[in-house]
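Student: My structure is stored as data30.csv, with CSV, C-alpha atoms.
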```csv
chain,number,residue,atom,x,y,z
A,298,MET,CA,-30.3,-18.6,-8.3
A,299,SER,CA,-27.9,-16.4,-10.2
A,300,ALA,CA,-25.4,-17.8,-12.6
A,301,PRO,CA,-21.9,-18.5,-11.3
A,302,ARG,CA,-19.8,-15.4,-11.3
A,303,THR,CA,-16.2,-15.0,-12.4
A,304,ASP,CA,-13.6,-14.0,-9.9
A,305,VAL,CA,-13.3,-10.6,-11.5
A,306,GLU,CA,-17.0,-9.9,-11.0
A,307,GLU,CA,-17.0,-11.1,-7.4
A,308,VAL,CA,-14.0,-8.9,-6.6
A,309,ALA,CA,-15.7,-5.9,-8.3
A,310,ARG,CA,-18.8,-6.6,-6.1
A,311,ALA,CA,-16.7,-6.8,-2.9
A,312,ASN,CA,-15.1,-3.5,-3.9
A,313,THR,CA,-18.4,-1.8,-4.5
A,314,ALA,CA,-19.8,-3.2,-1.2
A,315,PHE,CA,-16.9,-1.6,0.6
A,316,TYR,CA,-17.7,1.9,-0.7
A,317,GLU,CA,-21.5,1.4,-0.3
A,318,ALA,CA,-20.9,0.5,3.4
A,319,MET,CA,-19.0,3.7,3.8
A,320,GLU,CA,-21.8,5.7,2.1
A,321,ARG,CA,-24.4,4.2,4.5
A,322,GLY,CA,-22.1,4.6,7.5
A,323,ASP,CA,-22.7,0.9,8.1
A,324,PHE,CA,-19.8,0.1,10.5
A,325,GLU,CA,-21.0,-3.5,11.1
A,326,GLU,CA,-21.0,-4.3,7.4
A,327,LEU,CA,-17.6,-2.6,6.9
A,328,SER,CA,-16.1,-4.7,9.7
A,329,THR,CA,-17.2,-7.9,7.9
A,330,LEU,CA,-15.6,-6.8,4.7
A,331,TRP,CA,-12.1,-6.5,6.2
A,332,LEU,CA,-10.0,-9.6,6.5
A,333,ALA,CA,-10.1,-11.2,9.9
A,334,PRO,CA,-7.5,-13.7,11.3
A,335,MET,CA,-10.2,-16.4,11.2
A,336,ASP,CA,-10.5,-16.0,7.5
A,337,ILE,CA,-7.1,-17.5,6.8
A,338,ASP,CA,-5.9,-20.9,7.8
A,339,GLY,CA,-2.4,-20.8,9.1
A,340,ALA,CA,-0.1,-20.0,6.1
A,341,GLU,CA,0.2,-16.3,6.9
A,342,HIS,CA,2.8,-14.4,8.9
A,343,THR,CA,3.5,-10.8,9.4
A,344,ALA,CA,6.8,-9.7,10.7
A,345,ASP,CA,9.2,-6.8,11.1
A,346,PRO,CA,12.3,-7.8,9.2
A,347,ALA,CA,14.4,-5.4,11.3
A,348,ASP,CA,13.4,-7.2,14.5
A,349,PRO,CA,15.6,-10.3,14.9
A,350,GLU,CA,13.0,-11.9,17.2
A,351,ASP,CA,10.4,-11.8,14.5
A,352,LEU,CA,12.6,-13.7,12.1
A,353,GLU,CA,14.1,-16.1,14.5
A,354,GLU,CA,10.9,-17.1,16.2
A,355,GLY,CA,8.8,-16.8,13.1
A,356,THR,CA,6.3,-14.6,15.0
A,357,ASP,CA,2.8,-15.0,13.5
A,358,ARG,CA,1.0,-11.7,13.8
A,359,GLY,CA,-2.0,-13.0,11.9
A,360,ALA,CA,-3.5,-11.8,8.6
A,361,GLU,CA,-2.8,-8.2,9.6
A,362,VAL,CA,-4.7,-5.7,7.5
A,363,SER,CA,-3.4,-2.3,6.6
A,364,CYS,CA,-5.0,1.0,5.7
A,365,VAL,CA,-3.9,4.4,4.5
A,366,HIS,CA,-6.6,7.2,4.4
A,367,PRO,CA,-5.7,10.2,2.1
A,368,GLY,CA,-2.9,12.1,3.8
A,369,TRP,CA,-2.7,9.7,6.8
A,370,PRO,CA,0.1,7.5,8.0
A,371,VAL,CA,-0.2,3.7,7.7
A,372,LEU,CA,-2.7,2.0,10.1
A,373,THR,CA,-2.0,-1.6,10.8
A,374,GLY,CA,-4.3,-4.3,12.3
A,375,ARG,CA,-8.0,-4.6,12.5
A,376,GLY,CA,-8.2,-2.7,15.8
A,377,GLU,CA,-6.5,0.4,14.5
A,378,VAL,CA,-8.1,0.2,11.1
A,379,LEU,CA,-11.7,-0.2,12.3
A,380,ARG,CA,-11.2,2.5,14.9
A,381,SER,CA,-10.3,4.9,12.1
A,382,TYR,CA,-13.5,4.1,10.3
A,383,ALA,CA,-15.6,4.7,13.4
A,384,LEU,CA,-13.9,8.0,13.8
A,385,ILE,CA,-14.4,9.0,10.2
A,386,MET,CA,-18.1,7.9,10.2
A,387,ALA,CA,-18.7,10.0,13.4
A,388,ASN,CA,-17.3,13.0,11.7
A,389,THR,CA,-19.0,12.6,8.3
A,390,GLU,CA,-22.6,13.5,7.9
A,391,TYR,CA,-22.7,12.7,4.2
A,392,ILE,CA,-20.3,10.9,1.8
A,393,GLN,CA,-20.7,9.6,-1.7
A,394,PHE,CA,-18.2,7.8,-3.9
A,395,PHE,CA,-18.4,8.0,-7.7
A,396,LEU,CA,-16.0,5.3,-8.7
A,397,THR,CA,-14.2,5.5,-12.1
A,398,ASP,CA,-11.3,3.7,-13.8
A,399,VAL,CA,-12.0,0.5,-11.8
A,400,GLU,CA,-9.4,-2.1,-12.8
A,401,VAL,CA,-9.5,-5.6,-11.3
A,402,ALA,CA,-6.6,-8.1,-11.5
A,403,VAL,CA,-6.8,-11.6,-9.9
A,404,GLU,CA,-3.8,-13.8,-9.3
A,405,GLY,CA,-4.7,-17.0,-7.4
A,406,ASP,CA,-6.2,-16.1,-4.1
A,407,THR,CA,-5.3,-12.4,-4.3
A,408,ALA,CA,-7.0,-9.6,-6.2
A,409,LEU,CA,-5.7,-6.1,-6.8
A,410,VAL,CA,-8.2,-3.3,-7.5
A,411,THR,CA,-7.3,0.2,-8.5
A,412,CYS,CA,-9.9,2.9,-8.9
A,413,THR,CA,-10.5,6.6,-8.8
A,414,GLU,CA,-12.7,7.8,-5.9
A,415,ASN,CA,-14.6,10.9,-6.9
A,416,ILE,CA,-15.7,11.9,-3.4
A,417,LEU,CA,-18.4,14.3,-2.3
A,418,SER,CA,-18.7,14.6,1.4
A,419,GLY,CA,-20.0,16.9,4.1
A,420,GLY,CA,-19.3,17.1,7.9
A,421,PRO,CA,-21.8,17.5,10.7
A,422,ALA,CA,-23.4,20.9,11.5
A,423,PRO,CA,-21.1,23.2,13.4
A,424,ALA,CA,-22.0,23.6,17.1
A,425,ASP,CA,-23.6,27.0,16.6
A,426,SER,CA,-25.7,26.0,13.5
A,427,ASP,CA,-28.5,23.8,12.4
A,428,GLU,CA,-27.1,23.5,8.9
A,429,LEU,CA,-24.8,20.8,7.6
A,430,GLY,CA,-21.2,21.5,7.0
A,431,PRO,CA,-20.3,22.5,3.4
A,432,LEU,CA,-20.0,19.8,0.8
A,433,VAL,CA,-16.5,19.1,-0.3
A,434,GLY,CA,-15.3,17.4,-3.5
A,435,GLN,CA,-12.1,15.3,-3.4
A,436,LEU,CA,-10.2,13.5,-6.1
A,437,VAL,CA,-8.6,10.4,-4.6
A,438,VAL,CA,-7.0,7.2,-6.1
A,439,ALA,CA,-7.1,3.9,-4.3
A,440,THR,CA,-5.3,0.5,-4.4
A,441,ASN,CA,-7.4,-2.2,-2.7
A,442,VAL,CA,-6.0,-5.7,-2.1
A,443,PHE,CA,-8.5,-8.5,-1.5
A,444,ARG,CA,-7.9,-12.1,-0.3
A,445,ARG,CA,-10.2,-15.0,-1.3
A,446,THR,CA,-11.8,-16.6,1.8
A,447,PRO,CA,-14.5,-19.3,2.3
A,448,ASP,CA,-16.7,-16.3,3.1
A,449,GLY,CA,-15.9,-14.4,-0.1
A,450,TRP,CA,-13.3,-11.8,-1.0
A,451,LYS,CA,-12.1,-9.7,2.0
A,452,LEU,CA,-10.1,-6.5,2.1
A,453,TRP,CA,-6.4,-7.1,3.1
A,454,SER,CA,-5.2,-3.6,2.3
A,455,HIS,CA,-6.7,-0.2,1.3
A,456,HIS,CA,-4.4,2.7,0.3
A,457,ALA,CA,-6.1,5.9,-0.8
A,458,SER,CA,-4.3,9.2,-1.6
A,459,PRO,CA,-5.2,12.6,-2.9
A,460,VAL,CA,-4.5,13.4,-6.6
A,461,LEU,CA,-2.6,16.7,-6.6
A,462,ALA,CA,-2.2,17.0,-10.3
A,463,GLU,CA,-4.9,16.4,-12.9
A,464,ASN,CA,-2.9,14.7,-15.5
A,465,GLU,CA,0.1,12.3,-15.4
A,466,GLU,CA,1.4,14.0,-18.6
A,467,ASP,CA,1.7,17.3,-16.7
A,468,GLU,CA,5.4,16.6,-16.2
A,469,GLU,CA,6.6,19.9,-14.8
A,470,GLU,CA,4.3,19.8,-11.8
A,471,ASP,CA,4.5,16.1,-11.1
A,472,THR,CA,8.1,15.4,-10.9
A,473,PRO,CA,10.5,16.3,-8.0
A,474,SER,CA,12.1,19.6,-8.7
B,288,MET,CA,26.3,-20.3,-0.1
B,289,SER,CA,24.0,-18.5,2.3
B,290,ALA,CA,21.5,-20.2,4.5
B,291,PRO,CA,18.0,-20.5,3.2
B,292,ARG,CA,15.9,-17.4,3.8
B,293,THR,CA,12.4,-17.2,5.0
B,294,ASP,CA,9.8,-15.6,2.7
B,295,VAL,CA,9.6,-12.6,5.0
B,296,GLU,CA,13.4,-12.0,4.6
B,297,GLU,CA,13.2,-12.5,0.9
B,298,VAL,CA,10.4,-10.0,0.5
B,299,ALA,CA,12.2,-7.5,2.7
B,300,ARG,CA,15.2,-7.8,0.5
B,301,ALA,CA,13.2,-7.3,-2.7
B,302,ASN,CA,11.6,-4.2,-1.1
B,303,THR,CA,15.0,-2.8,-0.2
B,304,ALA,CA,16.4,-3.6,-3.7
B,305,PHE,CA,13.5,-1.5,-5.1
B,306,TYR,CA,14.5,1.6,-3.1
B,307,GLU,CA,18.2,1.1,-3.7
B,308,ALA,CA,17.6,0.9,-7.5
B,309,MET,CA,15.8,4.2,-7.2
B,310,GLU,CA,18.7,5.7,-5.2
B,311,ARG,CA,21.2,4.7,-7.8
B,312,GLY,CA,19.0,5.8,-10.6
B,313,ASP,CA,19.4,2.2,-12.0
B,314,PHE,CA,16.5,2.0,-14.5
B,315,GLU,CA,17.6,-1.5,-15.8
B,316,GLU,CA,17.6,-3.0,-12.3
B,317,LEU,CA,14.3,-1.3,-11.5
B,318,SER,CA,12.7,-2.8,-14.6
B,319,THR,CA,13.7,-6.3,-13.6
B,320,LEU,CA,12.1,-5.8,-10.1
B,321,TRP,CA,8.6,-5.1,-11.5
B,322,LEU,CA,6.4,-8.0,-12.4
B,323,ALA,CA,6.4,-8.9,-16.1
B,324,PRO,CA,3.8,-11.0,-17.9
B,325,MET,CA,6.4,-13.7,-18.4
B,326,ASP,CA,6.8,-14.1,-14.7
B,327,ILE,CA,3.3,-15.5,-14.3
B,328,ASP,CA,2.0,-18.7,-15.9
B,329,GLY,CA,-1.6,-18.2,-17.2
B,330,ALA,CA,-3.8,-17.9,-14.1
B,331,GLU,CA,-4.0,-14.2,-14.1
B,332,HIS,CA,-6.4,-11.8,-15.7
B,333,THR,CA,-7.0,-8.2,-15.5
B,334,ALA,CA,-10.4,-6.8,-16.6
B,335,ASP,CA,-12.6,-3.8,-16.4
B,336,PRO,CA,-15.8,-5.1,-14.8
B,337,ALA,CA,-17.7,-2.2,-16.4
B,338,ASP,CA,-16.7,-3.4,-19.8
B,339,PRO,CA,-19.0,-6.3,-20.9
B,340,GLU,CA,-16.4,-7.4,-23.4
B,341,ASP,CA,-13.9,-8.0,-20.8
B,342,LEU,CA,-16.2,-10.3,-18.8
B,343,GLU,CA,-17.7,-12.1,-21.8
B,344,GLU,CA,-14.5,-12.8,-23.6
B,345,GLY,CA,-12.4,-13.2,-20.5
B,346,THR,CA,-9.8,-10.8,-21.8
B,347,ASP,CA,-6.4,-11.5,-20.4
B,348,ARG,CA,-4.5,-8.2,-20.1
B,349,GLY,CA,-1.5,-10.0,-18.4
B,350,ALA,CA,-0.1,-9.5,-15.0
B,351,GLU,CA,-0.7,-5.8,-15.2
B,352,VAL,CA,1.2,-3.8,-12.7
B,353,SER,CA,0.0,-0.5,-11.1
B,354,CYS,CA,1.8,2.4,-9.5
B,355,VAL,CA,0.8,5.5,-7.7
B,356,HIS,CA,3.5,8.1,-7.0
B,357,PRO,CA,2.7,10.7,-4.3
B,358,GLY,CA,0.0,13.0,-5.5
B,359,TRP,CA,-0.3,11.2,-8.9
B,360,PRO,CA,-3.2,9.4,-10.5
B,361,VAL,CA,-2.9,5.6,-11.0
B,362,LEU,CA,-0.5,4.4,-13.7
B,363,THR,CA,-1.3,0.9,-15.1
B,364,GLY,CA,0.8,-1.5,-17.1
B,365,ARG,CA,4.6,-1.9,-17.3
B,366,GLY,CA,4.9,0.7,-20.2
B,367,GLU,CA,3.2,3.5,-18.3
B,368,VAL,CA,4.8,2.6,-15.0
B,369,LEU,CA,8.4,2.3,-16.3
B,370,ARG,CA,8.1,5.5,-18.3
B,371,SER,CA,7.2,7.4,-15.1
B,372,TYR,CA,10.3,6.1,-13.5
B,373,ALA,CA,12.5,7.2,-16.5
B,374,LEU,CA,10.9,10.6,-16.1
B,375,ILE,CA,11.4,10.8,-12.4
B,376,MET,CA,15.0,9.7,-12.7
B,377,ALA,CA,15.7,12.2,-15.4
B,378,ASN,CA,14.4,15.0,-13.1
B,379,THR,CA,16.1,13.8,-9.9
B,380,GLU,CA,19.8,14.5,-9.3
B,381,TYR,CA,19.8,13.0,-5.9
B,382,ILE,CA,17.4,10.9,-3.9
B,383,GLN,CA,17.7,8.9,-0.7
B,384,PHE,CA,15.1,6.8,1.1
B,385,PHE,CA,15.3,6.2,4.8
B,386,LEU,CA,12.8,3.4,5.4
B,387,THR,CA,11.1,3.0,8.7
B,388,ASP,CA,8.1,1.0,10.0
B,389,VAL,CA,8.7,-1.7,7.5
B,390,GLU,CA,6.0,-4.4,7.9
B,391,VAL,CA,5.9,-7.6,5.8
B,392,ALA,CA,3.0,-10.0,5.5
B,393,VAL,CA,3.1,-13.1,3.3
B,394,GLU,CA,0.0,-15.0,2.2
B,395,GLY,CA,0.8,-17.8,-0.2
B,396,ASP,CA,2.4,-16.3,-3.3
B,397,THR,CA,1.6,-12.7,-2.4
B,398,ALA,CA,3.3,-10.4,0.0
B,399,LEU,CA,2.2,-7.0,1.3
B,400,VAL,CA,4.8,-4.5,2.6
B,401,THR,CA,3.9,-1.2,4.2
B,402,CYS,CA,6.7,1.3,5.1
B,403,THR,CA,7.4,4.9,5.7
B,404,GLU,CA,9.7,6.5,3.1
B,405,ASN,CA,11.6,9.4,4.7
B,406,ILE,CA,12.8,10.9,1.4
B,407,LEU,CA,15.6,13.4,0.9
B,408,SER,CA,15.8,14.5,-2.8
B,409,GLY,CA,17.3,17.2,-5.0
B,410,GLY,CA,16.6,18.2,-8.6
B,411,PRO,CA,19.2,19.0,-11.2
B,412,ALA,CA,20.8,22.4,-11.3
B,413,PRO,CA,18.7,25.2,-12.8
B,414,ALA,CA,19.7,26.3,-16.3
B,415,ASP,CA,21.4,29.4,-15.1
B,416,SER,CA,23.4,27.8,-12.3
B,417,ASP,CA,26.1,25.3,-11.6
B,418,GLU,CA,24.7,24.3,-8.2
B,419,LEU,CA,22.3,21.5,-7.6
B,420,GLY,CA,18.7,22.2,-6.8
B,421,PRO,CA,17.8,22.5,-3.1
B,422,LEU,CA,17.4,19.3,-1.1
B,423,VAL,CA,13.8,18.6,-0.2
B,424,GLY,CA,12.6,16.3,2.6
B,425,GLN,CA,9.3,14.4,2.2
B,426,LEU,CA,7.3,12.1,4.5
B,427,VAL,CA,5.6,9.4,2.4
B,428,VAL,CA,4.0,6.1,3.2
B,429,ALA,CA,3.9,3.2,0.8
B,430,THR,CA,2.0,-0.1,0.3
B,431,ASN,CA,4.0,-2.4,-1.9
B,432,VAL,CA,2.5,-5.7,-3.2
B,433,PHE,CA,4.9,-8.4,-4.4
B,434,ARG,CA,4.2,-11.7,-6.2
B,435,ARG,CA,6.4,-14.8,-5.9
B,436,THR,CA,7.9,-15.8,-9.2
B,437,PRO,CA,10.5,-18.4,-10.2
B,438,ASP,CA,12.9,-15.5,-10.4
B,439,GLY,CA,12.1,-14.1,-6.9
B,440,TRP,CA,9.6,-11.7,-5.5
B,441,LYS,CA,8.5,-9.1,-8.0
B,442,LEU,CA,6.5,-5.8,-7.5
B,443,TRP,CA,2.9,-6.0,-8.6
B,444,SER,CA,1.8,-2.7,-7.2
B,445,HIS,CA,3.4,0.3,-5.5
B,446,HIS,CA,1.2,3.0,-4.0
B,447,ALA,CA,2.9,5.9,-2.3
B,448,SER,CA,1.3,9.0,-0.8
B,449,PRO,CA,2.3,12.1,1.2
B,450,VAL,CA,1.6,12.1,4.9
B,451,LEU,CA,-0.2,15.4,5.5
B,452,ALA,CA,-0.6,15.0,9.3
B,453,GLU,CA,2.2,13.9,11.6
B,454,ASN,CA,0.2,11.7,13.9
B,455,GLU,CA,-2.8,9.4,13.4
B,456,GLU,CA,-3.9,10.4,17.0
B,457,ASP,CA,-4.3,14.0,15.8
B,458,GLU,CA,-7.9,13.5,15.2
B,459,GLU,CA,-9.0,17.1,14.6
B,460,GLU,CA,-6.8,17.6,11.6
B,461,ASP,CA,-7.1,14.1,10.1
B,462,THR,CA,-10.8,13.6,9.8
B,463,PRO,CA,-13.1,15.1,7.2
B,464,SER,CA,-14.7,18.2,8.6
```
Do you think you could lay out the structure here as structure tokens?
Tutor:
Amino acid sequence: MSAPRTDVEEVARANTAFYEAMERGDFEELSTLWLAPMDIDGAEHTADPADPEDLEEGTDRGAEVSCVHPGWPVLTGRGEVLRSYALIMANTEYIQFFLTDVEVAVEGDTALVTCTENILSGGPAPADSDELGPLVGQLVVATNVFRRTPDGWKLWSHHASPVLAENEEDEEEDTPS
Amino acid sequence: MSAPRTDVEEVARANTAFYEAMERGDFEELSTLWLAPMDIDGAEHTADPADPEDLEEGTDRGAEVSCVHPGWPVLTGRGEVLRSYALIMANTEYIQFFLTDVEVAVEGDTALVTCTENILSGGPAPADSDELGPLVGQLVVATNVFRRTPDGWKLWSHHASPVLAENEEDEEEDTPS
């Protein structure tokens, strides 16, 4: 048996497992890493504050997950989120994540992870070719929110976005003009 | 006195207050809306799992906040985050956020908000002109994480990113090729 691990270590492992499942194209594993309504016991609610019915009736939409892929709009709920991964996996022949700047913060039953995803990926061969699509490098940053569950830390939210400027000190290019 | 509000309503108000402070260029107000180490009592820790010292010594970096502006790398800690807002405010003559698709989920002392920021902004007048810079429209999505504190819900993380495709159903353009 291994020694007991701290929350920070456990969250870091859950975060790594998420990216490794993507690299392997392991949809089943990926599905188990995302928070499911059964993981949470009752306290949660998700509501649209602009919808009076949600507030008056205290509609419980379950522990709804959310996901933003680079350049995408927000996807909400396990169905929409998992479908997006099935689609991405079907269109990705090869993908590797080199994670840097991994920072883990734990507050009670929630953990916040930020990291830089240095991505190398390639699509499937074009219809008229036997060769793989060209490899593409991408610089992406992610904020991943995890919840503690009896079955380990599970992803509640993943937000990834392209880095369009190399350096936060590069003021002229970064700020609205 | 107003009637007691639900968590979802309170979080939605904190989220709105954040964008209104940006619209007014109210740096003081914005500073109070971001989580500060004094807001949290002891349970938190932030650590780099790749740094053995962090794990062995249980380094407590405080309730470190993180922020990603559209196209930017990750900013970590109140100092870096608040400096970025001072910079953005100094370079923004006019900014307005039309929020749509606001979704609020509360789990214990953490709340997750996703929303679409329809932004209209303008920079200051160029040096050789009296007129304001041109107005620019931007479609941005955000994931905002709030923590419950004795002083209300405070921002723990803000991640905003440009939407590069109009529609998540637009599969051909959205997926890696």
Student: Restricting the calculation to only C-alpha atoms: of B:Val352, B:Ile406, B:Val391, B:Ala373, which residue gets closest to chain A?
Tutor: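 Ranking B:Val352, B:Ile406, B:Val391, B:Ala373 by distance to chain A, first place goes to B:Val391.
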Student: Between B:Leu369, B:Trp443, B:Cys354, B:Glu380, which residue has the minimum interatomic distance to Ala408 in chain A, considering all atoms listed in the file?
Tutor: B:Trp443
Student: Between B:Thr293, B:Asn378, B:Ser448, B:Asn405, single out the one closest to Gln425 in chain B, counting only C-alpha atoms.
Tutor: B:Asn405
Student: Just want the 7 Å neighbourhood of range 443-448 of chain A, counted on only C-alpha atoms, with same-chain residues fewer than 4 positions away dropped. Output as a PDB file with C-alpha atoms, keeping the file's coordinate frame.
Tutor:
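Result file result.pdb:
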```
ATOM      1  CA  ASP A 336     -10.500 -16.000   7.500  1.00  0.00           C
ATOM      2  CA  ILE A 337      -7.100 -17.500   6.800  1.00  0.00           C
ATOM      3  CA  ASP A 406      -6.200 -16.100  -4.100  1.00  0.00           C
ATOM      4  CA  THR A 407      -5.300 -12.400  -4.300  1.00  0.00           C
ATOM      5  CA  ALA A 408      -7.000  -9.600  -6.200  1.00  0.00           C
ATOM      6  CA  LEU A 409      -5.700  -6.100  -6.800  1.00  0.00           C
ATOM      7  CA  LEU A 452     -10.100  -6.500   2.100  1.00  0.00           C
ATOM      8  CA  TRP A 453      -6.400  -7.100   3.100  1.00  0.00           C
TER       9      TRP A 453
END
```
Student: Please report the interatomic distance between CA of Thr440 in chain A and CA of Tyr306 in chain B in Å with one decimal.
Tutor: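 Computing it gives 19.9 Å between the two atoms.
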Student: Under the rule that all atoms listed in the file are counted, which of B:Leu317, B:Ile382, B:Val298, B:Leu451 is the nearest residue to chain A?
Tutor: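 Checking each candidate against chain A, we get B:Leu451 as the closest.
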Student: Taking 4 positions as the minimum chain separation for residues in the same chain, which residues sit within 12 Å of Phe385 in chain B when counting all atoms listed in the file? Answer as a PyMOL selection string.
Tutor: chain B and resi 303+306-307+310+389+402-408+424-428
Student: By how many Å are CA of Gly410 in chain B and CA of Ala299 in chain B apart?
Tutor: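 Pair CA of Gly410 in chain B / CA of Ala299 in chain B returns 28.4 Å.
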Student: Please indicate the distance in Å from CA of Trp450 in chain A to CA of Thr373 in chain A, rounded to one decimal place.
Tutor: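 Distance between the two atoms: 19.3 Å.
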Student: Would you list the residues near (-2.6, 1.5, -12.6) (no more than 9 Å away, in the coordinates of the file, using only C-alpha atoms) as a PyMOL selection string?
Tutor: (chain A and resi 400+410-412+440) or (chain B and resi 351-355+360-364+367-368+444)
Student: In terms of the shortest atom-to-atom distance over only C-alpha atoms, which of B:Tyr372, B:Trp359, B:His446, B:Val432 is closest to Glu316 in chain B?
Tutor: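 Ranking B:Tyr372, B:Trp359, B:His446, B:Val432 by distance to Glu316 in chain B, first place goes to B:Tyr372.
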Student: Of the residues A:Leu332, A:Ala402, A:Ala439, A:Ala318, which is the one nearest to chain B, using only C-alpha atoms?
Tutor: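 Checking each of A:Leu332, A:Ala402, A:Ala439, A:Ala318 against chain B, counting only C-alpha atoms, the winner is A:Ala402.
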